[in-house]
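Q: entry14.txt (compact mmCIF, C-alpha atoms and all ligand atoms) pasted underneath:
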```
# COMPACT_ATOMS: atom_id res chain seq x y z
CA MET A 960 36.76 -84.49 -149.02
CA ALA A 961 34.79 -87.74 -149.42
CA ASP A 962 37.93 -89.85 -148.96
CA LEU A 963 39.09 -88.09 -145.80
CA ARG A 964 39.40 -90.34 -142.73
CA ILE A 965 40.32 -89.57 -139.12
CA ASN A 966 43.39 -91.08 -137.46
CA GLY A 967 41.94 -93.90 -135.35
CA ALA A 968 45.22 -94.74 -133.61
CA ARG A 969 45.69 -91.13 -132.51
CA LEU A 970 42.11 -90.94 -131.22
CA TRP A 971 42.59 -94.16 -129.24
CA GLU A 972 45.89 -92.96 -127.80
CA SER A 973 44.24 -89.72 -126.65
CA LEU A 974 41.35 -91.63 -125.06
CA MET A 975 43.77 -93.85 -123.15
CA THR A 976 45.91 -90.90 -122.06
CA LEU A 977 42.91 -88.97 -120.74
CA ALA A 978 41.63 -92.11 -118.98
CA ARG A 979 44.76 -92.11 -116.81
CA ILE A 980 43.48 -88.92 -115.15
CA GLY A 981 41.26 -90.25 -112.36
CA GLU A 982 41.93 -93.89 -113.23
CA THR A 983 40.63 -96.43 -110.71
CA PRO A 984 42.28 -99.71 -109.65
CA ARG A 985 39.55 -101.64 -111.48
CA GLY A 986 40.29 -100.04 -114.84
CA GLY A 987 37.67 -97.32 -114.75
CA VAL A 988 37.72 -93.58 -114.22
CA CYS A 989 36.55 -91.41 -111.31
CA ARG A 990 36.60 -87.83 -112.59
CA VAL A 991 33.56 -86.37 -110.88
CA ALA A 992 32.51 -82.86 -111.96
CA LEU A 993 34.65 -79.94 -110.72
CA SER A 994 36.98 -82.14 -108.66
CA ASP A 995 40.76 -81.78 -108.83
CA VAL A 996 40.98 -84.57 -111.40
CA ASP A 997 38.25 -82.90 -113.48
CA ARG A 998 40.53 -79.84 -113.54
CA GLU A 999 43.45 -82.03 -114.67
CA GLY A 1000 41.35 -83.55 -117.47
CA ARG A 1001 40.23 -80.09 -118.58
CA ASP A 1002 43.83 -78.81 -118.52
CA LEU A 1003 44.95 -81.64 -120.78
CA PHE A 1004 42.10 -81.00 -123.24
CA VAL A 1005 42.95 -77.28 -123.31
CA ARG A 1006 46.65 -78.08 -123.90
CA TRP A 1007 45.79 -80.40 -126.80
CA ALA A 1008 43.47 -77.73 -128.23
CA HIS A 1009 46.24 -75.12 -128.19
CA GLU A 1010 48.64 -77.62 -129.78
CA ALA A 1011 46.06 -78.08 -132.56
CA GLY A 1012 46.18 -74.31 -133.19
CA CYS A 1013 42.73 -73.57 -131.76
CA THR A 1014 41.48 -70.72 -129.64
CA VAL A 1015 39.97 -71.63 -126.27
CA GLU A 1016 37.20 -69.85 -124.38
CA VAL A 1017 35.57 -70.77 -121.08
CA ASP A 1018 32.06 -69.58 -120.27
CA GLN A 1019 30.42 -68.67 -116.97
CA MET A 1020 29.39 -72.31 -116.38
CA GLY A 1021 32.92 -73.57 -117.07
CA ASN A 1022 32.02 -74.99 -120.49
CA ILE A 1023 35.18 -75.08 -122.64
CA PHE A 1024 34.85 -73.99 -126.29
CA VAL A 1025 37.71 -74.95 -128.61
CA ARG A 1026 37.47 -73.19 -131.96
CA ARG A 1027 39.15 -73.89 -135.29
CA ALA A 1028 38.54 -70.88 -137.52
CA GLY A 1029 36.72 -71.19 -140.84
CA SER A 1030 37.18 -69.03 -143.93
CA ASP A 1031 34.09 -66.91 -143.14
CA PRO A 1032 34.15 -65.55 -139.57
CA THR A 1033 30.61 -64.21 -139.95
CA LEU A 1034 29.17 -67.73 -140.14
CA ALA A 1035 27.92 -69.60 -137.07
CA PRO A 1036 30.06 -72.60 -136.10
CA VAL A 1037 29.32 -76.25 -136.56
CA MET A 1038 29.65 -77.50 -133.01
CA THR A 1039 30.40 -80.90 -131.51
CA GLY A 1040 31.37 -82.20 -128.09
CA SER A 1041 30.25 -83.96 -124.94
CA HIS A 1042 31.56 -84.05 -121.35
CA LEU A 1043 34.74 -84.89 -119.42
CA ASP A 1044 33.14 -85.57 -116.03
CA THR A 1045 32.37 -89.17 -115.05
CA GLN A 1046 30.36 -91.16 -112.54
CA PRO A 1047 32.26 -92.11 -109.32
CA THR A 1048 32.78 -95.58 -110.79
CA GLY A 1049 32.70 -94.52 -114.43
CA GLY A 1050 34.48 -95.72 -117.55
CA LYS A 1051 36.93 -94.39 -120.11
CA PHE A 1052 34.42 -93.52 -122.83
CA ASP A 1053 31.19 -92.01 -121.47
CA GLY A 1054 31.59 -88.37 -122.44
CA ALA A 1055 35.34 -88.39 -123.09
CA TYR A 1056 34.74 -90.10 -126.43
CA GLY A 1057 32.55 -87.27 -127.77
CA VAL A 1058 35.03 -84.57 -126.71
CA LEU A 1059 38.10 -86.32 -128.09
CA ALA A 1060 36.31 -87.38 -131.28
CA GLY A 1061 35.69 -83.67 -131.86
CA LEU A 1062 39.36 -82.90 -131.21
CA GLU A 1063 40.36 -85.69 -133.61
CA VAL A 1064 38.16 -84.13 -136.32
CA ILE A 1065 40.08 -80.86 -135.84
CA ARG A 1066 43.45 -82.64 -135.97
CA THR A 1067 42.34 -84.43 -139.14
CA LEU A 1068 41.28 -81.16 -140.79
CA ASN A 1069 44.68 -79.71 -139.81
CA ASP A 1070 46.54 -82.67 -141.38
CA ALA A 1071 44.47 -82.33 -144.57
CA ASN A 1072 45.08 -78.58 -144.61
CA HIS A 1073 41.36 -78.15 -145.18
CA THR A 1074 39.77 -74.85 -144.24
CA THR A 1075 36.06 -75.17 -143.57
CA ARG A 1076 33.73 -72.27 -144.36
CA ARG A 1077 32.32 -72.25 -140.87
CA PRO A 1078 34.31 -72.37 -137.66
CA VAL A 1079 34.34 -75.82 -136.06
CA GLU A 1080 33.90 -75.73 -132.28
CA VAL A 1081 34.48 -78.61 -129.86
CA VAL A 1082 32.83 -78.19 -126.48
CA ALA A 1083 33.42 -79.91 -123.15
CA TRP A 1084 30.21 -79.32 -121.18
CA THR A 1085 30.41 -79.01 -117.37
CA ASN A 1086 28.63 -81.50 -115.07
CA GLU A 1087 26.81 -83.69 -117.55
CA GLU A 1088 26.53 -86.64 -115.19
CA GLY A 1089 24.51 -84.94 -112.46
CA CYS A 1090 25.86 -87.31 -109.81
CA ARG A 1091 27.59 -84.57 -107.81
CA PHE A 1092 25.41 -81.60 -108.78
CA ALA A 1093 21.83 -82.47 -109.81
CA PRO A 1094 20.36 -82.22 -112.35
CA ALA A 1095 22.32 -83.81 -115.18
CA MET A 1096 23.30 -81.82 -118.29
CA LEU A 1097 23.36 -78.75 -116.07
CA ALA A 1098 25.68 -76.48 -118.03
CA SER A 1099 24.45 -77.42 -121.50
CA GLY A 1100 21.03 -76.73 -119.97
CA VAL A 1101 22.10 -73.18 -119.09
CA PHE A 1102 23.59 -72.81 -122.59
CA GLY A 1103 20.32 -74.02 -124.10
CA GLY A 1104 18.19 -71.64 -122.01
CA GLU A 1105 16.60 -74.46 -120.00
CA PHE A 1106 18.06 -73.24 -116.69
CA SER A 1107 19.07 -69.75 -115.58
CA LEU A 1108 22.75 -69.01 -114.95
CA GLU A 1109 21.85 -68.30 -111.31
CA TYR A 1110 20.25 -71.73 -111.00
CA GLY A 1111 23.26 -73.42 -112.58
CA LEU A 1112 25.84 -71.71 -110.38
CA THR A 1113 23.94 -72.31 -107.14
CA ARG A 1114 23.48 -76.09 -107.45
CA ALA A 1115 25.15 -77.69 -104.43
CA ASP A 1116 26.60 -81.12 -103.69
CA HIS A 1117 25.87 -83.22 -100.59
CA ASP A 1118 28.32 -81.09 -98.57
CA GLY A 1119 26.66 -77.82 -99.61
CA VAL A 1120 29.52 -76.81 -101.93
CA THR A 1121 28.18 -74.96 -104.98
CA VAL A 1122 29.07 -75.11 -108.67
CA ALA A 1123 30.20 -71.46 -108.51
CA GLN A 1124 32.58 -72.18 -105.62
CA GLU A 1125 34.09 -75.19 -107.33
CA LEU A 1126 34.45 -73.45 -110.70
CA ASP A 1127 36.37 -70.71 -108.91
CA ARG A 1128 38.49 -73.16 -106.97
CA ILE A 1129 39.59 -75.17 -110.03
CA GLY A 1130 40.12 -72.05 -112.17
CA TYR A 1131 37.33 -72.65 -114.68
CA ALA A 1132 34.93 -69.80 -113.83
CA GLY A 1133 35.08 -68.22 -117.29
CA THR A 1134 33.81 -64.90 -118.52
CA ARG A 1135 32.21 -65.79 -121.85
CA PRO A 1136 28.40 -65.54 -121.47
CA CYS A 1137 26.85 -68.99 -121.19
CA GLY A 1138 24.57 -69.16 -124.23
CA GLY A 1139 23.38 -66.56 -126.68
CA GLN A 1140 25.94 -67.40 -129.36
CA PRO A 1141 24.48 -68.68 -132.66
CA VAL A 1142 25.26 -72.31 -133.52
CA HIS A 1143 24.66 -73.75 -136.99
CA THR A 1144 24.37 -77.45 -136.00
CA PHE A 1145 25.46 -79.58 -133.02
CA PHE A 1146 26.57 -83.20 -133.33
CA GLU A 1147 27.48 -85.37 -130.33
CA ALA A 1148 29.30 -88.70 -130.63
CA HIS A 1149 28.85 -91.09 -127.69
CA ILE A 1150 28.99 -94.75 -126.78
CA GLU A 1151 25.51 -96.27 -126.85
CA GLN A 1152 25.56 -97.34 -123.17
CA GLY A 1153 23.00 -100.03 -124.03
CA PRO A 1154 22.91 -103.39 -125.82
CA LEU A 1155 21.08 -102.68 -129.10
CA LEU A 1156 23.95 -102.00 -131.51
CA GLU A 1157 25.89 -105.04 -130.39
CA ALA A 1158 22.80 -107.27 -130.53
CA ASN A 1159 22.02 -106.08 -134.07
CA GLU A 1160 25.66 -106.19 -135.21
CA CYS A 1161 25.60 -102.51 -136.15
CA ILE A 1162 28.53 -100.14 -135.78
CA ILE A 1163 26.62 -96.86 -135.91
CA GLY A 1164 23.47 -95.81 -134.05
CA VAL A 1165 21.60 -93.01 -135.79
CA VAL A 1166 20.01 -91.39 -132.74
CA GLN A 1167 16.42 -90.26 -133.26
CA GLY A 1168 16.06 -88.57 -129.90
CA LEU A 1169 16.15 -89.08 -126.14
CA GLN A 1170 13.66 -90.67 -123.82
CA GLY A 1171 12.05 -88.59 -121.07
CA GLN A 1172 13.45 -88.39 -117.52
CA ARG A 1173 12.03 -87.29 -114.17
CA TRP A 1174 14.24 -86.94 -111.09
CA PHE A 1175 12.94 -86.74 -107.51
CA ASP A 1176 14.45 -86.19 -104.06
CA CYS A 1177 12.59 -88.02 -101.33
CA THR A 1178 12.89 -87.67 -97.55
CA ILE A 1179 11.22 -90.08 -95.12
CA GLU A 1180 11.16 -89.18 -91.44
CA GLY A 1181 10.37 -91.52 -88.59
CA MET A 1182 11.90 -91.63 -85.14
CA GLU A 1183 15.32 -92.70 -83.94
CA SER A 1184 15.25 -95.11 -81.06
CA HIS A 1185 17.05 -98.04 -79.49
CA ALA A 1186 17.36 -101.15 -81.68
CA GLY A 1187 17.27 -103.50 -78.71
CA THR A 1188 14.55 -102.03 -76.56
CA THR A 1189 11.92 -100.63 -78.93
CA PRO A 1190 9.17 -103.21 -79.56
CA MET A 1191 8.34 -103.71 -83.25
CA PRO A 1192 4.79 -102.23 -83.01
CA ARG A 1193 6.14 -98.99 -81.50
CA ARG A 1194 8.71 -98.31 -84.19
CA ARG A 1195 8.64 -95.58 -86.83
CA ASP A 1196 11.47 -96.87 -89.00
CA ALA A 1197 12.22 -94.48 -91.88
CA LEU A 1198 14.31 -97.06 -93.72
CA CYS A 1199 11.45 -99.57 -93.78
CA GLY A 1200 9.31 -96.85 -95.41
CA ALA A 1201 12.05 -96.08 -97.91
CA ALA A 1202 12.37 -99.80 -98.71
CA GLN A 1203 8.70 -99.92 -99.68
CA ILE A 1204 9.16 -96.97 -102.01
CA VAL A 1205 12.25 -98.53 -103.59
CA THR A 1206 10.15 -101.59 -104.41
CA ALA A 1207 7.32 -99.37 -105.68
CA VAL A 1208 9.77 -97.65 -108.08
CA GLN A 1209 10.71 -101.04 -109.48
CA GLN A 1210 7.04 -101.99 -109.84
CA ALA A 1211 6.17 -98.67 -111.50
CA ALA A 1212 8.83 -99.30 -114.14
CA LEU A 1213 7.81 -102.93 -114.66
CA ALA A 1214 4.20 -101.80 -115.13
CA GLN A 1215 5.44 -99.83 -118.18
CA ALA A 1216 7.50 -102.67 -119.66
CA PRO A 1217 9.44 -103.02 -121.82
CA HIS A 1218 10.57 -99.38 -121.97
CA GLY A 1219 9.98 -98.08 -118.43
CA VAL A 1220 13.04 -97.89 -116.14
CA GLY A 1221 13.22 -96.72 -112.53
CA THR A 1222 16.19 -96.45 -110.16
CA VAL A 1223 16.94 -95.47 -106.58
CA GLY A 1224 20.70 -94.96 -106.76
CA ASP A 1225 21.61 -92.67 -103.86
CA LEU A 1226 20.26 -93.42 -100.38
CA ARG A 1227 21.42 -91.87 -97.10
CA VAL A 1228 20.37 -93.28 -93.77
CA HIS A 1229 20.44 -91.17 -90.60
CA PRO A 1230 22.16 -91.66 -88.21
CA ASN A 1231 23.47 -94.78 -90.01
CA SER A 1232 24.30 -96.66 -86.87
CA ARG A 1233 23.93 -100.42 -86.47
CA ASN A 1234 21.84 -100.25 -83.30
CA VAL A 1235 19.72 -97.14 -83.89
CA ILE A 1236 16.38 -97.40 -85.72
CA PRO A 1237 16.77 -95.04 -88.71
CA GLY A 1238 15.05 -91.74 -88.05
CA ARG A 1239 15.53 -90.23 -91.49
CA VAL A 1240 16.32 -91.44 -94.99
CA ASN A 1241 17.06 -89.26 -98.00
CA PHE A 1242 17.09 -90.89 -101.42
CA THR A 1243 16.86 -90.12 -105.11
CA VAL A 1244 14.48 -91.53 -107.74
CA ASP A 1245 15.26 -91.62 -111.49
CA LEU A 1246 12.32 -92.52 -113.78
CA ARG A 1247 12.62 -92.77 -117.57
CA HIS A 1248 10.41 -93.69 -120.52
CA PRO A 1249 10.36 -92.69 -124.20
CA ASP A 1250 6.62 -91.93 -123.97
CA ASP A 1251 5.63 -88.95 -121.86
CA ALA A 1252 2.23 -90.37 -120.83
CA ALA A 1253 3.82 -93.61 -119.61
CA LEU A 1254 6.42 -91.55 -117.74
CA ALA A 1255 3.61 -89.57 -116.08
CA ALA A 1256 1.95 -92.85 -115.01
CA MET A 1257 5.22 -93.92 -113.39
CA ALA A 1258 5.48 -90.59 -111.54
CA ASN A 1259 1.88 -91.01 -110.29
CA ALA A 1260 2.63 -94.52 -109.04
CA LEU A 1261 5.60 -93.11 -107.12
CA ARG A 1262 3.44 -90.38 -105.53
CA GLU A 1263 0.86 -92.99 -104.48
CA ALA A 1264 3.56 -95.17 -102.92
CA VAL A 1265 4.89 -92.22 -100.92
CA ALA A 1266 1.40 -91.33 -99.68
CA GLU A 1267 0.78 -94.96 -98.72
CA VAL A 1268 3.97 -95.08 -96.63
CA GLU A 1269 2.85 -91.95 -94.76
CA THR A 1270 -0.63 -93.21 -93.91
CA ALA A 1271 0.18 -96.89 -93.30
CA MET A 1272 3.49 -96.55 -91.46
CA GLY A 1273 3.12 -93.36 -89.43
CA LEU A 1274 6.05 -91.75 -91.21
CA THR A 1275 6.28 -88.32 -92.78
CA ALA A 1276 7.44 -88.12 -96.37
CA ALA A 1277 8.40 -85.32 -98.72
CA LEU A 1278 8.72 -85.93 -102.46
CA ASP A 1279 10.30 -83.14 -104.49
CA GLU A 1280 10.44 -83.39 -108.28
CA ILE A 1281 13.73 -81.62 -109.01
CA TRP A 1282 13.97 -82.26 -112.76
CA TYR A 1283 11.71 -83.09 -115.65
CA ALA A 1284 13.17 -83.58 -119.11
CA PRO A 1285 10.44 -84.65 -121.56
CA PRO A 1286 11.24 -86.98 -124.48
CA THR A 1287 13.13 -85.02 -127.16
CA PRO A 1288 13.21 -85.82 -130.89
CA PHE A 1289 16.32 -84.62 -132.74
CA ASP A 1290 16.23 -82.46 -135.89
CA ALA A 1291 15.27 -84.63 -138.88
CA GLY A 1292 17.75 -82.96 -141.24
CA SER A 1293 20.70 -83.43 -138.86
CA VAL A 1294 19.69 -87.03 -138.15
CA ALA A 1295 19.59 -87.62 -141.91
CA ALA A 1296 23.11 -86.14 -142.22
CA VAL A 1297 24.37 -88.70 -139.69
CA ARG A 1298 22.65 -91.53 -141.58
CA ARG A 1299 24.08 -90.34 -144.92
CA ALA A 1300 27.58 -90.20 -143.45
CA ALA A 1301 27.25 -93.78 -142.17
CA GLN A 1302 25.91 -94.93 -145.54
CA ASN A 1303 28.65 -93.20 -147.52
CA LEU A 1304 31.28 -94.75 -145.24
CA ASP A 1305 29.68 -98.17 -145.76
CA LEU A 1306 29.11 -98.66 -142.03
CA THR A 1307 26.30 -100.84 -140.71
CA HIS A 1308 23.80 -98.61 -138.93
CA MET A 1309 20.39 -98.54 -137.30
CA ASP A 1310 18.01 -96.00 -135.80
CA VAL A 1311 18.00 -95.88 -131.99
CA ILE A 1312 16.43 -93.83 -129.18
CA SER A 1313 18.84 -92.84 -126.41
CA GLY A 1314 18.11 -94.25 -122.97
CA ALA A 1315 20.75 -92.00 -121.42
CA GLY A 1316 20.64 -88.25 -121.10
CA HIS A 1317 23.06 -86.22 -123.23
CA ASP A 1318 24.11 -82.59 -123.59
CA ALA A 1319 22.73 -82.61 -127.16
CA LYS A 1320 19.26 -82.59 -125.62
CA TYR A 1321 19.61 -79.05 -124.32
CA VAL A 1322 21.80 -77.77 -127.15
CA ALA A 1323 18.86 -78.84 -129.37
CA ASN A 1324 16.87 -75.98 -127.77
CA VAL A 1325 18.96 -73.47 -129.73
CA CYS A 1326 20.04 -75.19 -132.96
CA PRO A 1327 19.50 -78.35 -135.03
CA ALA A 1328 21.16 -81.28 -133.24
CA ALA A 1329 21.76 -84.99 -133.66
CA MET A 1330 23.88 -87.79 -132.17
CA ILE A 1331 26.06 -90.65 -133.32
CA PHE A 1332 26.28 -93.81 -131.19
CA ILE A 1333 28.89 -96.55 -131.30
CA PRO A 1334 28.65 -99.89 -129.48
CA CYS A 1335 30.09 -100.50 -126.04
CA LYS A 1336 30.98 -103.97 -124.79
CA ASP A 1337 27.95 -105.92 -123.55
CA GLY A 1338 26.04 -102.63 -123.48
CA ILE A 1339 27.57 -101.80 -120.09
CA SER A 1340 28.23 -98.23 -118.97
CA HIS A 1341 28.32 -96.29 -115.66
CA ASN A 1342 30.67 -99.07 -114.63
CA GLU A 1343 34.46 -99.28 -114.51
CA ILE A 1344 34.43 -102.16 -117.01
CA GLU A 1345 32.81 -99.97 -119.70
CA ASP A 1346 34.66 -100.75 -122.95
CA ALA A 1347 34.72 -99.96 -126.67
CA THR A 1348 37.02 -100.92 -129.56
CA PRO A 1349 39.50 -98.84 -131.54
CA GLU A 1350 37.63 -99.87 -134.70
CA HIS A 1351 34.30 -98.55 -133.45
CA THR A 1352 35.66 -95.35 -131.88
CA ALA A 1353 37.32 -94.59 -135.24
CA ALA A 1354 34.18 -95.40 -137.23
CA GLY A 1355 32.00 -93.10 -135.12
CA CYS A 1356 34.58 -90.34 -135.47
CA ASP A 1357 34.61 -90.75 -139.26
CA VAL A 1358 30.82 -90.35 -139.24
CA LEU A 1359 31.22 -87.24 -137.07
CA LEU A 1360 33.81 -85.80 -139.48
CA HIS A 1361 31.56 -86.27 -142.51
CA ALA A 1362 28.41 -85.04 -140.77
CA ILE A 1363 30.37 -81.89 -139.83
CA LEU A 1364 31.68 -81.46 -143.38
CA GLU A 1365 28.16 -81.79 -144.77
CA ALA A 1366 26.82 -79.21 -142.29
CA ASP A 1367 29.73 -76.90 -143.22
CA GLY A 1368 28.60 -76.98 -146.82
CA ALA A 1369 24.96 -76.32 -145.93
C1 LIG B 1401 23.68 -89.53 -117.72
O1 LIG B 1401 24.71 -90.14 -117.87
C2 LIG B 1401 22.44 -90.25 -117.54
O2 LIG B 1401 21.80 -90.61 -118.54
O3 LIG B 1401 22.09 -90.53 -116.39
MN MN B 1402 27.63 -89.30 -121.23
MN MN B 1403 27.00 -90.91 -117.99
```
Translate the structure of the given file into structure tokens.
Ligand code: GLV
Ligand code: MN
Ligand code: MN

A:
Amino acid sequence: MADLRINGARLWESLMTLARIGETPRGGVCRVALSDVDREGRDLFVRWAHEAGCTVEVDQMGNIFVRRAGSDPTLAPVMTGSHLDTQPTGGKFDGAYGVLAGLEVIRTLNDANHTTRRPVEVVAWTNEEGCRFAPAMLASGVFGGEFSLEYGLTRADHDGVTVAQELDRIGYAGTRPCGGQPVHTFFEAHIEQGPLLEANECIIGVVQGLQGQRWFDCTIEGMESHAGTTPMPRRRDALCGAAQIVTAVQQAALAQAPHGVGTVGDLRVHPNSRNVIPGRVNFTVDLRHPDDAALAAMANALREAVAEVETAMGLTAALDEIWYAPPTPFDAGSVAAVRRAAQNLDLTHMDVISGAGHDAKYVANVCPAAMIFIPCKDGISHNEIEDATPEHTAAGCDVLLHAILEADGA
């Protein structure tokens, strides 16, 4: 099968068709987890899977498993996939690429009339982004035994609506147990979402592992009062306290340069009125670093900043660490299979560490796993202008095909 290649035009066409579901006026996609448009995207994927002759199962977390049978049903599948949900101002490729690359591998195997030994399964994992239901990679986390099913189903959005309620509402509350099925190997194809491949003129990133992440919810409470009549010394302004912590997050990351990154991306001010001093602010903190000790130093700096705001500004503060995902190396043998596929296809490649979180992290709890990155324009992602080329999406899919074929023979 060494000469087998995927159909790049068909893959591109599928990517562009899916991107119309939830498309935004600025050329991006808003297909937030378990929304009506997420359901539409899922329905299209399921339709394409049936058209490709596959069986489809949905598990209790709404993960969709598309299976192409192999010649030996007793063997564990080679699995691939990613996610169909997006950020509110997301792009066409983050997640969708990995799911549709998997589907394109199946279509290619169909065209070639090639029966693998093992089943090939393509998965669309629920709620990878974590923007509506924190934490990220929630349903692959349940699959990988990181979170309990109960925990996964009870995560709630800002309006108190739970994952279980939304799965029911959109018709994706499946019955297959989430996890417990043997998997031979998992590969995930994804855009890089950073600038390294482009800067180094490489088409394929051979992903060594993921950096660590810690997510916090923070609440600062002060006192609401009149913006015109309350003298400055008498104020207990929760937003001023939050502003100091936002700056401290930036400083904590800069203190761990060049790899430390820290973000406050979601901030809610109460009562959010022009002429009321803010009495309460809720915000999120996202800290990341490839080295766990450096990540811990960043978390400590955050805790100190929160304590300082309490003592110096007369505010009360609560900091809740809601998620800790330590740095994760991928399986050396599976990483080597990705590198071999890139080499055999004569594609420029380099080793990279993922700055983003990915479902492969938690699937790696239960089987060997690895990832394939392709460049995205100017390294920009989580933005409506996120872009990739037909040439690169095809190249990454060819690497995926050949990594899968190698794992099938193993
Ligand atoms: C997921 O997209 C993340 O890395 O935040
Ligand atoms: Mn993604
Ligand atoms: Mn993302």

Q: Can you tell me which residues surround A:Val988 at a distance of at most 9 Å, considering only C-alpha atoms, apart from same-chain residues fewer than 4 positions away, and format the answer as a count of residues only?

A: 16

Q: In terms of the shortest atom-to-atom distance over only C-alpha atoms, which of A:Leu1155, A:Gln1215, A:Ala1266, A:Pro1136 is closest to A:Gly1200?

A: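 Nearest candidate to A:Gly1200 out of A:Leu1155, A:Gln1215, A:Ala1266, A:Pro1136: A:Ala1266.
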
Q: Dump the neighbourhood of ligand MN 1403 (chain B) as a list in words: all residues within 8 Å, distances computed on all atoms listed in the file.

A: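 These are the residues that qualify: Thr1045, Gln1046, Gly1049, Asp1053, Gly1054, Glu1087, Glu1088, Ala1315, Gly1316, Ser1340 and His1341 of chain A.
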
Q: Please check which protein, DNA or RNA residues sit within 12 Å of ligand LIG 1401 (chain B), counting all atoms listed in the file, and write them as a VMD selection string.

A: chain A and resid 991 1041 to 1047 1049 to 1050 1052 to 1055 1086 to 1091 1093 to 1097 1149 to 1153 1169 to 1174 1220 to 1222 1224 1244 to 1248 1284 1313 to 1320 1340 to 1342

Q: For a quick check of understanding, using all atoms listed in the file, which of A:Ala1011, A:Val1082, A:Leu993, A:Val1058 has the smallest distance to A:Ile1129?

A: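 That would be A:Leu993, the residue with the smallest distance to A:Ile1129.
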
Q: With distances taken over all atoms listed in the file, which residue among A:Asp1357, A:Glu1269, A:Glu1180, A:Glu1147 lies nearest ligand MN 1402 (chain B)?

A: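 Between A:Asp1357, A:Glu1269, A:Glu1180, A:Glu1147, the residue approaching ligand MN 1402 (chain B) most closely is A:Glu1147.
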
Q: Atom CA of A:Arg1066 and atom CA of A:Trp971, how far apart in Å?

A: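 Rounded to one decimal, the two atoms are 13.4 Å apart.
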
Q: With distances taken over only C-alpha atoms and all ligand atoms, which of A:Ala1207, A:Ala1216, A:Val1005, A:Ala1083 is nearest to ligand MN 1402 (chain B)?

A: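 Of A:Ala1207, A:Ala1216, A:Val1005, A:Ala1083, the one nearest ligand MN 1402 (chain B) is A:Ala1083, counting only C-alpha atoms and all ligand atoms.
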
Q: One decimal, in Å: what's the spacing between atom CA of A:Thr1206 and atom CA of A:Leu1261?

A: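 According to the coordinates, atom CA of A:Thr1206 and atom CA of A:Leu1261 are separated by 10.0 Å.
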